[in-house]
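Right, one structure below, let's go through it.
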Amino acid sequence: MNLRLRNSANWIMLTLTAVCTVAVLIPLFLILYYVIRQGAAGLNWALLTRLPAPPGESGGGMANAIVGTLELLAMAIVLGVPLGLAIGVYTAELGNGCGIDKLAGVVRFGADVLTGIPTIVTGLFVYGLVVVPMHRFSGIAGAIALALIMLPVVSRASEEVLRMVPHAYREAALALGASRWRVLRDIVLRSAKPGLISAALLGVARIAGETAPLLLTALNSSQWTLRPDQPMASLTVGIFNYAVAPYDDWHRQAAAAALTLIAMIVLLSLLARAWGRIGEVR
Amino acid sequence: MDRLYPWILRTLGLVVPALVVALGWQLYQGAAAARHAFGWGFVVGSSWDPVFNHFGAWPFIFGTLVTTAVAIVLAAPLGIGVAIFLAELAPNWLRGPVGYLVELLAAVPSVVFGLWGLFVLAPWMRTDLEPWLIAHGHNFPLFRGAPYGLGFLAAGLVLAIMVTPFVVGMAREAIIAVPRVQREAAYALGATRWETIWQVVLPGARSGIAGGVLLGMGRALGETIAVTMLIGNTPAVSASLLAPGYTLASVIANEFTEATTALYTSALVEIGLVLFASTLVVNLIARLMIARLAAAGAAA
């Protein structure tokens, strides 16, 4: 092949990769544009403070769904983060290096499998596990489903973080006579703390936008719900129900709720990044 | 505490594989009634009739396969292109922001993709894209029929957007993992940049890229809400991409809480079981390929 042909092939293909990048980002901008424009138009004080209006009537808000989402996330964090971190510590600290533990491979593999399970299937599982014995849909069932989804995310992310703690730290502490437990608690976990917080936030950002599992567990509610054993409203389920309903006012509210939700998630992911960066600087 | 904590952590760790087993077992048990009533015919049966208590999953399996195929056909080349751009070409000042934007695409909730698809993409497809496809592509059975807007194509397009970031993430890591000396050797032999990428970098990153595409495929198989909003929710098998259909995940989302009989509920659980099994197989193959990449990296 002559050089000119090869050079033009080079140029065409390299340009094509740039075109791919632009093509992938266009939908992102279109979606953000739509959500911000429609969402800002529908966003008002009533949406953030009022209960939903009966079907077909205009007005009302989604305040209970905002509170519901926060309640579900809080419960899922309490259930999922400590366990996820413990599992991350197990696979990182006992699964490699000095104390090789064969079971850690099984645990890591299980976490990977769990990550790949469709969230609607997790919803079905929790339905059978919690909703059927309780005889009703409930916020706690929704939170358990969300915790199951975030569990592998937190454990794998925290494992990565813990692996970055230099081995010399551990060895220095052991040489000074500290016990393994002290080394883990006072040296490893302490120096990895910002990264671990970032891993937890990553898990929360992952579940904040989940809808499918909540449809089978927390269901929905048009009332304030502070009791975890009652059906609980959430922004995502609210957006879904409003979007597929035939009322224009509900479509506006769905867009405004979507804007609220995206703002929450972007905030979380920025926090996670900032915390991660603090960790790198140290 | 020094002797105790490894046991505590080990016990907590074993919760994870136990959960996976419990999940599979529970779906298997929940599907018992449907399994006994329809046997293997459930998978190939094409009538879904809650009124007469007769259930077959084929329309949903078909819809899931078609939407996933559309998504992967689009997302795989696009995602690999973006990964090449980010790993090999983009200047440093562009790499960070573009990488962040692609990650942001992965962080957009499924229901927001559905919302945008329902009110922006589907109307545009009904009035512009689909009439054009029908006018120019009517020789292909894929593009026949009426322009509904909602259907396999709309769901597949949105799925493609949703899974591309996963392909990009994995492919980019695999490309970066190819040793620098191999690139330098290719340049020294007089290869152009593209020739180096095509003949040296991509073959070296092959198993990681394939793993990424399969992970994306696993996502596409199980994605629920956006698809439910865009597929048209009609349990029908059609050769045309423009026709409305149904998927495994979306029939669970739509009908589970309204299922009136025990057999109906059980049939939906069996649909969940089919979905669980198929994503499990796809993910296992993907993990194997990624593990092979890691092993090769360790050897090199």
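Letters A, B, ... mark the chains of the structure tokens in the order given; residue numbers begin at 1 per chain; ligand numbers begin at 1, in order shown.
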Would you kindly return, as number ranges by chain, each protein, DNA or RNA residue with an atom no farther than 7 Å from any atom of Asn220 of chain A, considering only C-alpha atoms and excluding same-chain residues fewer than 4 positions away?
-> A: 231-234, 237
Counting only C-alpha atoms, which residues of chain B sit at most 6 Å from some atom of chain A, and what is each one's closest atom pair with its distance in Å to one decimal, listed by chain and rising residue number, as CSV?
```
residue,atom,partner,partner_atom,distance
B:Asp2,CA,A:Trp181,CA,5.0
B:Leu9,CA,A:Tyr90,CA,5.5
B:Gly13,CA,A:Ile87,CA,5.0
B:Val16,CA,A:Gly110,CA,5.7
B:Pro17,CA,A:Gly110,CA,4.7
B:Leu23,CA,A:Phe125,CA,5.9
B:Leu78,CA,A:Cys20,CA,5.4
B:Gly81,CA,A:Thr17,CA,4.5
B:Val82,CA,A:Thr21,CA,4.8
B:Phe85,CA,A:Thr17,CA,5.4
B:Pro109,CA,A:Gly209,CA,4.5
B:Trp194,CA,A:Asn10,CA,4.9
B:Gly222,CA,A:Pro118,CA,4.6
B:Gly272,CA,A:Val121,CA,5.8
```
Generate a file of the selected residues that holds N, CA and C atoms, formatted as a short mmCIF file (atom, residue, chain, number, x, y, z; two decimals), in the first residue's frame.
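File part28.cif, as written:
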```
data_model
loop_
_atom_site.label_atom_id
_atom_site.label_comp_id
_atom_site.auth_asym_id
_atom_site.auth_seq_id
_atom_site.Cartn_x
_atom_site.Cartn_y
_atom_site.Cartn_z
N ASP B 2 -8.00 -9.99 68.04
CA ASP B 2 -7.03 -10.30 67.00
C ASP B 2 -7.34 -11.64 66.33
N LEU B 9 -15.23 -11.30 59.78
CA LEU B 9 -15.21 -10.82 58.41
C LEU B 9 -15.53 -11.95 57.44
N GLY B 13 -18.48 -12.07 54.84
CA GLY B 13 -18.16 -12.22 53.42
C GLY B 13 -18.99 -13.32 52.78
N VAL B 16 -22.40 -12.97 50.83
CA VAL B 16 -22.57 -12.64 49.42
C VAL B 16 -22.89 -13.85 48.55
N PRO B 17 -22.02 -14.89 48.55
CA PRO B 17 -22.40 -16.07 47.76
C PRO B 17 -23.70 -16.71 48.24
N LEU B 23 -31.13 -16.41 46.15
CA LEU B 23 -31.91 -15.73 45.12
C LEU B 23 -32.34 -16.72 44.04
N LEU B 78 -19.57 1.99 18.70
CA LEU B 78 -19.50 3.35 19.24
C LEU B 78 -18.63 3.39 20.49
N GLY B 81 -15.01 2.90 19.74
CA GLY B 81 -14.48 4.15 19.15
C GLY B 81 -14.17 5.18 20.22
N VAL B 82 -15.11 5.37 21.15
CA VAL B 82 -14.90 6.35 22.22
C VAL B 82 -13.70 5.95 23.07
N PHE B 85 -10.56 6.76 21.32
CA PHE B 85 -10.34 8.21 21.36
C PHE B 85 -9.81 8.64 22.72
N PRO B 109 -30.45 8.21 35.71
CA PRO B 109 -31.33 7.11 36.07
C PRO B 109 -32.11 6.59 34.86
N TRP B 194 -3.06 4.71 13.32
CA TRP B 194 -4.21 3.82 13.19
C TRP B 194 -3.77 2.38 13.02
N GLY B 222 -31.29 -7.02 31.14
CA GLY B 222 -32.07 -6.86 32.36
C GLY B 222 -32.61 -5.46 32.58
N GLY B 272 -38.79 -14.17 35.60
CA GLY B 272 -37.63 -13.66 36.34
C GLY B 272 -36.50 -14.67 36.37
#
```
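Here atom CA of Ala143 of chain A is placed at a distance of 15.9 Å from atom CA of Leu201 of chain A.
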Selection near Val251 of chain B, 8 Å with only C-alpha atoms, sequence-local residues under 5 positions removed, as a ChimeraX atom specification | /B:60,228,233,246,256,268
Expected file contents, prior selection, C-alpha atoms, as a compact mmCIF listing (two decimals), in the first residue's frame:
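Below is the file again08.txt, written as the result:
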```txt
# COMPACT_ATOMS: atom_id res chain seq x y z
CA PHE B 60 -40.89 -11.64 25.93
CA THR B 228 -40.99 -0.56 29.74
CA ASN B 233 -45.97 -3.34 25.89
CA TYR B 246 -42.54 -6.62 25.20
CA PHE B 256 -46.44 -8.46 38.79
CA LEU B 268 -44.00 -14.02 36.17
```
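Relative to atom CA of Ala256 of chain A, atom CA of Pro147 of chain B is found at 29.3 Å.
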Residue contacts of segment 207-210 of chain B (6 Å, only C-alpha atoms) excluding same-chain residues fewer than 3 positions away, as a ChimeraX atom specification = /B:171,174,213,289-290,293
Limited to C-alpha atoms, could you put the picked residues into a file as an mmCIF file, in the first residue's frame?
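What ended up in out_9.cif:
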```cif
data_model
loop_
_atom_site.group_PDB
_atom_site.id
_atom_site.type_symbol
_atom_site.label_atom_id
_atom_site.label_comp_id
_atom_site.auth_asym_id
_atom_site.auth_seq_id
_atom_site.Cartn_x
_atom_site.Cartn_y
_atom_site.Cartn_z
ATOM 1 C CA ALA B 171 -12.588 -1.174 26.634
ATOM 2 C CA ALA B 174 -8.182 -2.921 28.378
ATOM 3 C CA VAL B 213 -19.311 -5.729 25.362
ATOM 4 C CA MET B 289 -12.741 -13.042 29.487
ATOM 5 C CA ILE B 290 -11.781 -10.166 31.792
ATOM 6 C CA LEU B 293 -7.000 -10.383 30.316
#
```
